[in-house]
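Structure file my_file.pdb with PDB, C-alpha atoms, pLDDT in the B column:
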ATOM      1  CA  MET A  29     -36.993 -39.737  68.240  1.00 61.00           C
ATOM      2  CA  THR A  30     -37.007 -38.758  71.895  1.00 69.00           C
ATOM      3  CA  GLY A  31     -36.565 -35.212  73.140  1.00 70.00           C
ATOM      4  CA  VAL A  32     -33.148 -35.892  74.664  1.00 71.00           C
ATOM      5  CA  LYS A  33     -31.857 -37.459  71.443  1.00 79.00           C
ATOM      6  CA  LYS A  34     -33.219 -34.565  69.421  1.00 84.00           C
ATOM      7  CA  THR A  35     -31.612 -32.026  71.727  1.00 84.00           C
ATOM      8  CA  THR A  36     -28.275 -33.847  71.650  1.00 86.00           C
ATOM      9  CA  LEU A  37     -28.244 -34.128  67.861  1.00 90.00           C
ATOM     10  CA  ARG A  38     -29.259 -30.476  67.555  1.00 91.00           C
ATOM     11  CA  SER A  39     -26.403 -29.473  69.866  1.00 90.00           C
ATOM     12  CA  VAL A  40     -23.880 -31.574  67.942  1.00 93.00           C
ATOM     13  CA  SER A  41     -25.054 -30.134  64.630  1.00 94.00           C
ATOM     14  CA  ARG A  42     -24.881 -26.554  65.956  1.00 94.00           C
ATOM     15  CA  LEU A  43     -21.352 -27.057  67.261  1.00 94.00           C
ATOM     16  CA  THR A  44     -20.273 -28.684  63.997  1.00 96.00           C
ATOM     17  CA  PHE A  45     -21.894 -25.957  61.905  1.00 97.00           C
ATOM     18  CA  VAL A  46     -20.233 -23.119  63.824  1.00 96.00           C
ATOM     19  CA  LEU A  47     -16.797 -24.741  63.698  1.00 97.00           C
ATOM     20  CA  VAL A  48     -17.145 -25.493  59.971  1.00 97.00           C
ATOM     21  CA  VAL A  49     -18.107 -21.870  59.341  1.00 97.00           C
ATOM     22  CA  GLY A  50     -15.092 -20.816  61.421  1.00 97.00           C
ATOM     23  CA  TRP A  51     -12.898 -23.131  59.357  1.00 97.00           C
ATOM     24  CA  ILE A  52     -14.230 -21.650  56.111  1.00 97.00           C
ATOM     25  CA  ILE A  53     -13.597 -18.110  57.369  1.00 96.00           C
ATOM     26  CA  CYS A  54     -10.030 -19.031  58.414  1.00 95.00           C
ATOM     27  CA  PHE A  55      -9.168 -20.900  55.206  1.00 95.00           C
ATOM     28  CA  TRP A  56      -7.604 -18.011  53.280  1.00 95.00           C
ATOM     29  CA  PRO A  57      -5.745 -16.479  56.232  1.00 94.00           C
ATOM     30  CA  ALA A  58      -4.253 -19.919  56.989  1.00 93.00           C
ATOM     31  CA  ARG A  59      -3.254 -20.281  53.356  1.00 93.00           C
ATOM     32  CA  MET A  60      -1.627 -16.858  53.354  1.00 93.00           C
ATOM     33  CA  VAL A  61       0.289 -17.398  56.623  1.00 89.00           C
ATOM     34  CA  ARG A  62       1.796 -20.762  55.620  1.00 86.00           C
ATOM     35  CA  PRO A  63       1.137 -21.511  51.960  1.00 84.00           C
ATOM     36  CA  GLU A  64       2.406 -25.088  52.174  1.00 82.00           C
ATOM     37  CA  GLU A  65       0.781 -26.395  55.351  1.00 89.00           C
ATOM     38  CA  GLY A  66      -1.307 -23.608  56.862  1.00 91.00           C
ATOM     39  CA  VAL A  67      -4.664 -25.154  56.040  1.00 94.00           C
ATOM     40  CA  LYS A  68      -3.503 -28.556  57.275  1.00 94.00           C
ATOM     41  CA  TRP A  69      -2.513 -27.283  60.728  1.00 94.00           C
ATOM     42  CA  MET A  70      -5.551 -25.034  60.968  1.00 95.00           C
ATOM     43  CA  SER A  71      -7.679 -28.115  60.209  1.00 96.00           C
ATOM     44  CA  VAL A  72      -5.861 -30.126  62.880  1.00 95.00           C
ATOM     45  CA  ALA A  73      -6.652 -27.360  65.366  1.00 95.00           C
ATOM     46  CA  ALA A  74     -10.321 -27.281  64.331  1.00 96.00           C
ATOM     47  CA  ILE A  75     -10.720 -31.052  64.544  1.00 96.00           C
ATOM     48  CA  SER A  76      -8.929 -31.186  67.899  1.00 95.00           C
ATOM     49  CA  CYS A  77     -11.593 -28.825  69.251  1.00 94.00           C
ATOM     50  CA  LEU A  78     -14.559 -30.392  67.434  1.00 95.00           C
ATOM     51  CA  LEU A  79     -14.099 -34.012  68.539  1.00 95.00           C
ATOM     52  CA  PRO A  80     -13.931 -33.232  72.285  1.00 93.00           C
ATOM     53  CA  GLY A  81     -16.889 -30.927  71.727  1.00 90.00           C
ATOM     54  CA  TRP A  82     -18.915 -33.872  70.476  1.00 92.00           C
ATOM     55  CA  ILE A  83     -17.847 -35.909  73.511  1.00 91.00           C
ATOM     56  CA  VAL A  84     -18.845 -33.049  75.784  1.00 85.00           C
ATOM     57  CA  VAL A  85     -22.311 -32.823  74.219  1.00 85.00           C
ATOM     58  CA  PHE A  86     -22.872 -36.584  74.559  1.00 85.00           C
ATOM     59  CA  LEU A  87     -21.705 -36.603  78.195  1.00 80.00           C
ATOM     60  CA  GLU A  88     -24.936 -35.022  79.369  1.00 76.00           C
ATOM     61  CA  ARG A  89     -26.838 -38.157  78.342  1.00 77.00           C
ATOM     62  CA  LEU A  90     -24.932 -40.354  80.801  1.00 79.00           C
ATOM     63  CA  ALA A  91     -26.678 -41.116  84.065  1.00 74.00           C
ATOM     64  CA  ILE A  92     -23.588 -40.305  86.127  1.00 79.00           C
ATOM     65  CA  PHE A  93     -23.764 -36.677  84.961  1.00 74.00           C
ATOM     66  CA  ARG A  94     -27.342 -35.865  85.980  1.00 75.00           C
ATOM     67  CA  ASP A  95     -25.953 -33.391  88.503  1.00 77.00           C
ATOM     68  CA  ASP A  96     -25.240 -30.153  86.619  1.00 76.00           C
ATOM     69  CA  MET A  97     -22.019 -29.384  88.514  1.00 82.00           C
ATOM     70  CA  LYS A  98     -20.547 -32.809  87.706  1.00 81.00           C
ATOM     71  CA  LEU A  99     -21.497 -32.300  84.073  1.00 80.00           C
ATOM     72  CA  ILE A 100     -19.847 -28.890  83.837  1.00 81.00           C
ATOM     73  CA  LEU A 101     -16.657 -30.100  85.528  1.00 86.00           C
ATOM     74  CA  ALA A 102     -16.476 -33.167  83.269  1.00 85.00           C
ATOM     75  CA  GLN A 103     -16.999 -31.031  80.176  1.00 84.00           C
ATOM     76  CA  ILE A 104     -14.266 -28.603  81.190  1.00 87.00           C
ATOM     77  CA  GLY A 105     -11.931 -31.502  81.931  1.00 91.00           C
ATOM     78  CA  VAL A 106     -12.557 -33.326  78.649  1.00 91.00           C
ATOM     79  CA  ARG A 107     -12.202 -30.212  76.526  1.00 90.00           C
ATOM     80  CA  PHE A 108      -9.114 -28.881  78.293  1.00 92.00           C
ATOM     81  CA  LEU A 109      -7.378 -32.270  78.462  1.00 95.00           C
ATOM     82  CA  ALA A 110      -7.941 -32.972  74.757  1.00 94.00           C
ATOM     83  CA  VAL A 111      -6.610 -29.581  73.682  1.00 94.00           C
ATOM     84  CA  LEU A 112      -3.687 -29.884  76.094  1.00 95.00           C
ATOM     85  CA  ILE A 113      -2.720 -33.287  74.681  1.00 96.00           C
ATOM     86  CA  VAL A 114      -2.846 -31.959  71.114  1.00 95.00           C
ATOM     87  CA  ALA A 115      -0.820 -28.863  72.038  1.00 94.00           C
ATOM     88  CA  VAL A 116       1.862 -30.918  73.794  1.00 95.00           C
ATOM     89  CA  ALA A 117       2.001 -33.445  70.932  1.00 95.00           C
ATOM     90  CA  VAL A 118       2.484 -30.692  68.363  1.00 95.00           C
ATOM     91  CA  LYS A 119       5.100 -29.017  70.564  1.00 94.00           C
ATOM     92  CA  VAL A 120       7.036 -32.295  70.842  1.00 95.00           C
ATOM     93  CA  LEU A 121       6.720 -33.236  67.146  1.00 95.00           C
ATOM     94  CA  HIS A 122       7.173 -29.718  65.742  1.00 93.00           C
ATOM     95  CA  PRO A 123       9.069 -27.526  68.207  1.00 92.00           C
ATOM     96  CA  GLU A 124       9.586 -24.927  65.484  1.00 92.00           C
ATOM     97  CA  PHE A 125       5.863 -24.099  65.351  1.00 89.00           C
ATOM     98  CA  GLY A 126       4.832 -20.852  66.944  1.00 86.00           C
ATOM     99  CA  ILE A 127       1.614 -18.990  67.643  1.00 87.00           C
ATOM    100  CA  VAL A 128       1.075 -18.178  63.965  1.00 86.00           C
ATOM    101  CA  ASP A 129       1.720 -21.700  62.715  1.00 89.00           C
ATOM    102  CA  PHE A 130      -0.586 -23.702  64.958  1.00 93.00           C
ATOM    103  CA  TYR A 131      -1.263 -22.427  68.469  1.00 94.00           C
ATOM    104  CA  GLY A 132      -3.158 -19.336  67.344  1.00 94.00           C
ATOM    105  CA  TRP A 133      -5.568 -21.530  65.396  1.00 94.00           C
ATOM    106  CA  LEU A 134      -5.894 -23.873  68.369  1.00 95.00           C
ATOM    107  CA  ILE A 135      -6.681 -20.999  70.735  1.00 95.00           C
ATOM    108  CA  GLY A 136      -9.174 -19.494  68.290  1.00 95.00           C
ATOM    109  CA  PHE A 137     -11.079 -22.718  67.680  1.00 96.00           C
ATOM    110  CA  TYR A 138     -10.941 -23.578  71.386  1.00 95.00           C
ATOM    111  CA  LEU A 139     -12.559 -20.263  72.287  1.00 94.00           C
ATOM    112  CA  LEU A 140     -15.126 -20.620  69.496  1.00 95.00           C
ATOM    113  CA  ALA A 141     -16.079 -24.123  70.647  1.00 93.00           C
ATOM    114  CA  MET A 142     -16.265 -22.972  74.277  1.00 90.00           C
ATOM    115  CA  ALA A 143     -18.557 -20.098  73.305  1.00 92.00           C
ATOM    116  CA  VAL A 144     -20.907 -22.450  71.450  1.00 92.00           C
ATOM    117  CA  GLU A 145     -20.920 -24.964  74.306  1.00 86.00           C
ATOM    118  CA  THR A 146     -21.594 -22.200  76.811  1.00 85.00           C
ATOM    119  CA  LEU A 147     -24.601 -21.062  74.789  1.00 89.00           C
ATOM    120  CA  LEU A 148     -25.837 -24.658  74.523  1.00 85.00           C
ATOM    121  CA  LEU A 149     -25.472 -25.159  78.288  1.00 78.00           C
ATOM    122  CA  ARG A 150     -27.219 -21.855  78.912  1.00 82.00           C
ATOM    123  CA  GLU A 151     -30.134 -23.017  76.762  1.00 82.00           C
ATOM    124  CA  LYS A 152     -30.221 -26.333  78.620  1.00 74.00           C
ATOM    125  CA  PHE A 153     -30.242 -24.669  82.034  1.00 72.00           C
ATOM    126  CA  GLY A 154     -32.800 -22.136  80.809  1.00 75.00           C
ATOM    127  CA  ARG A 155     -35.147 -24.923  79.732  1.00 69.00           C
ATOM    128  CA  ALA A 156     -34.629 -26.802  82.974  1.00 64.00           C
ATOM    129  CA  GLY A 157     -35.288 -23.742  85.128  1.00 62.00           C
ATOM    130  CA  SER A 158     -38.314 -22.363  83.295  1.00 55.00           C
ATOM    131  CA  PRO A 159     -41.729 -23.123  84.754  1.00 50.00           C
ATOM    132  CA  PRO A 160     -44.286 -25.050  82.711  1.00 48.00           C
ATOM    133  CA  ARG A 161     -46.550 -22.940  80.530  1.00 50.00           C
ATOM    134  CA  ASP A 162     -49.705 -23.808  82.501  1.00 49.00           C
ATOM    135  CA  ASN A 163     -48.375 -22.437  85.789  1.00 48.00           C
ATOM    136  CA  VAL A 164     -47.216 -19.073  84.496  1.00 48.00           C
ATOM    137  CA  ASN A 165     -48.989 -16.217  86.249  1.00 51.00           C
ATOM    138  CA  ASP A 166     -50.057 -13.751  83.605  1.00 49.00           C
ATOM    139  CA  ASN A 167     -50.902 -10.365  85.055  1.00 50.00           C
ATOM    140  CA  SER A 168     -52.873  -9.401  81.960  1.00 48.00           C
ATOM    141  CA  GLN A 169     -55.384 -12.215  82.582  1.00 50.00           C
ATOM    142  CA  ARG A 170     -56.073 -11.310  86.216  1.00 49.00           C
ATOM    143  CA  ASN A 171     -58.365  -8.509  87.220  1.00 51.00           C
ATOM    144  CA  THR A 172     -56.549  -6.607  89.933  1.00 50.00           C
ATOM    145  CA  SER A 173     -58.844  -3.719  90.640  1.00 49.00           C
ATOM    146  CA  SER A 174     -58.824  -2.029  94.021  1.00 48.00           C
ATOM    147  CA  SER A 175     -62.135  -3.699  94.993  1.00 49.00           C
ATOM    148  CA  ASP A 176     -60.450  -7.146  94.862  1.00 50.00           C
ATOM    149  CA  PHE A 177     -58.173  -6.225  97.746  1.00 44.00           C
ATOM    150  CA  LEU A 178     -60.918  -5.054 100.116  1.00 46.00           C
TER
END
Before we go any further, please render this structure as structure tokens.
Amino acid sequence: MTGVKKTTLRSVSRLTFVLVVGWIICFWPARMVRPEEGVKWMSVAAISCLLPGWIVVFLERLAIFRDDMKLILAQIGVRFLAVLIVAVAVKVLHPEFGIVDFYGWLIGFYLLAMAVETLLLREKFGRAGSPPRDNVNDNSQRNTSSSDFL
């Protein structure tokens, strides 16, 4: 398996793991808020943030997004557009829903997914910007006595 594939699968699994843990943590509060359908709508919110997150992670493999700025803008667009479509669809289909019923869960999972993706992008940019191990200047290996400067 190539390094890019490994990195992509690792990113997808991290995002999925964090959102599943978030779902597990939110299970009982969702059940207490709306006993009949709380878990269902909390799950819809989680899935509506997870699926665009997967798309966002796979976007970096496309050749068109080799420029980091294009990649970041595309990721923001995909994530925001997907969540916006879900929010509008729920508003149209269930106008009685409020922040407690659905939109609070959507905001929470959106922010959680964005935090994970930001950390993944930070790792990616950190790896891309770090110098190779062979070229690192290690001050402990050099002898910098005063006689070297004369």
TODO: Rank A:Val144, A:Gly105, A:Ala58, A:Asp95 by their smallest atom-to-atom distance to A:Ala73, using all atoms listed in the file, and report the top residue only.
DONE: A:Ala58
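The shell of residues at most 8 Å from A:Trp51, with only C-alpha atoms counted and near chain neighbours (fewer than 4 positions) removed, consists of Leu47, Phe55, Met70, Ser71 and Ala74 of chain A.
Interatomic distance, atom CA of A:Gly66 against atom CA of A:Gly81: 22.7 Å.
Using all atoms listed in the file for every distance, the candidate list A:Phe93, A:Tyr138, A:Phe125, A:Phe86 yields A:Tyr138 as the residue closest to A:Phe108.
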Task: Residue with smallest distance to A:Gly50 - pool A:Gly31, A:Gly136, A:Pro80, A:Pro123, counting only C-alpha atoms - done: A:Gly136
Open item on the list: Excluding A:Thr35 and its own-chain neighbours fewer than 5 positions away, which residues fall within 10 Å of it when counting all atoms listed in the file? Please give them as a count of residues only.
Closed with: 6
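Nearest residue to A:Val118 among A:Val72, A:Ile92, A:Val67, A:Leu43 is A:Val72, counting all atoms listed in the file.
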Task: atom CA of A:Leu79 to atom CA of A:Arg62, distance in Å rounded to a single decimal - done: 24.4 Å
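With distances restricted to all atoms listed in the file, A:Leu149 is the closest residue to A:Asp96 from A:Leu149, A:Ile135, A:Val61, A:Val48.
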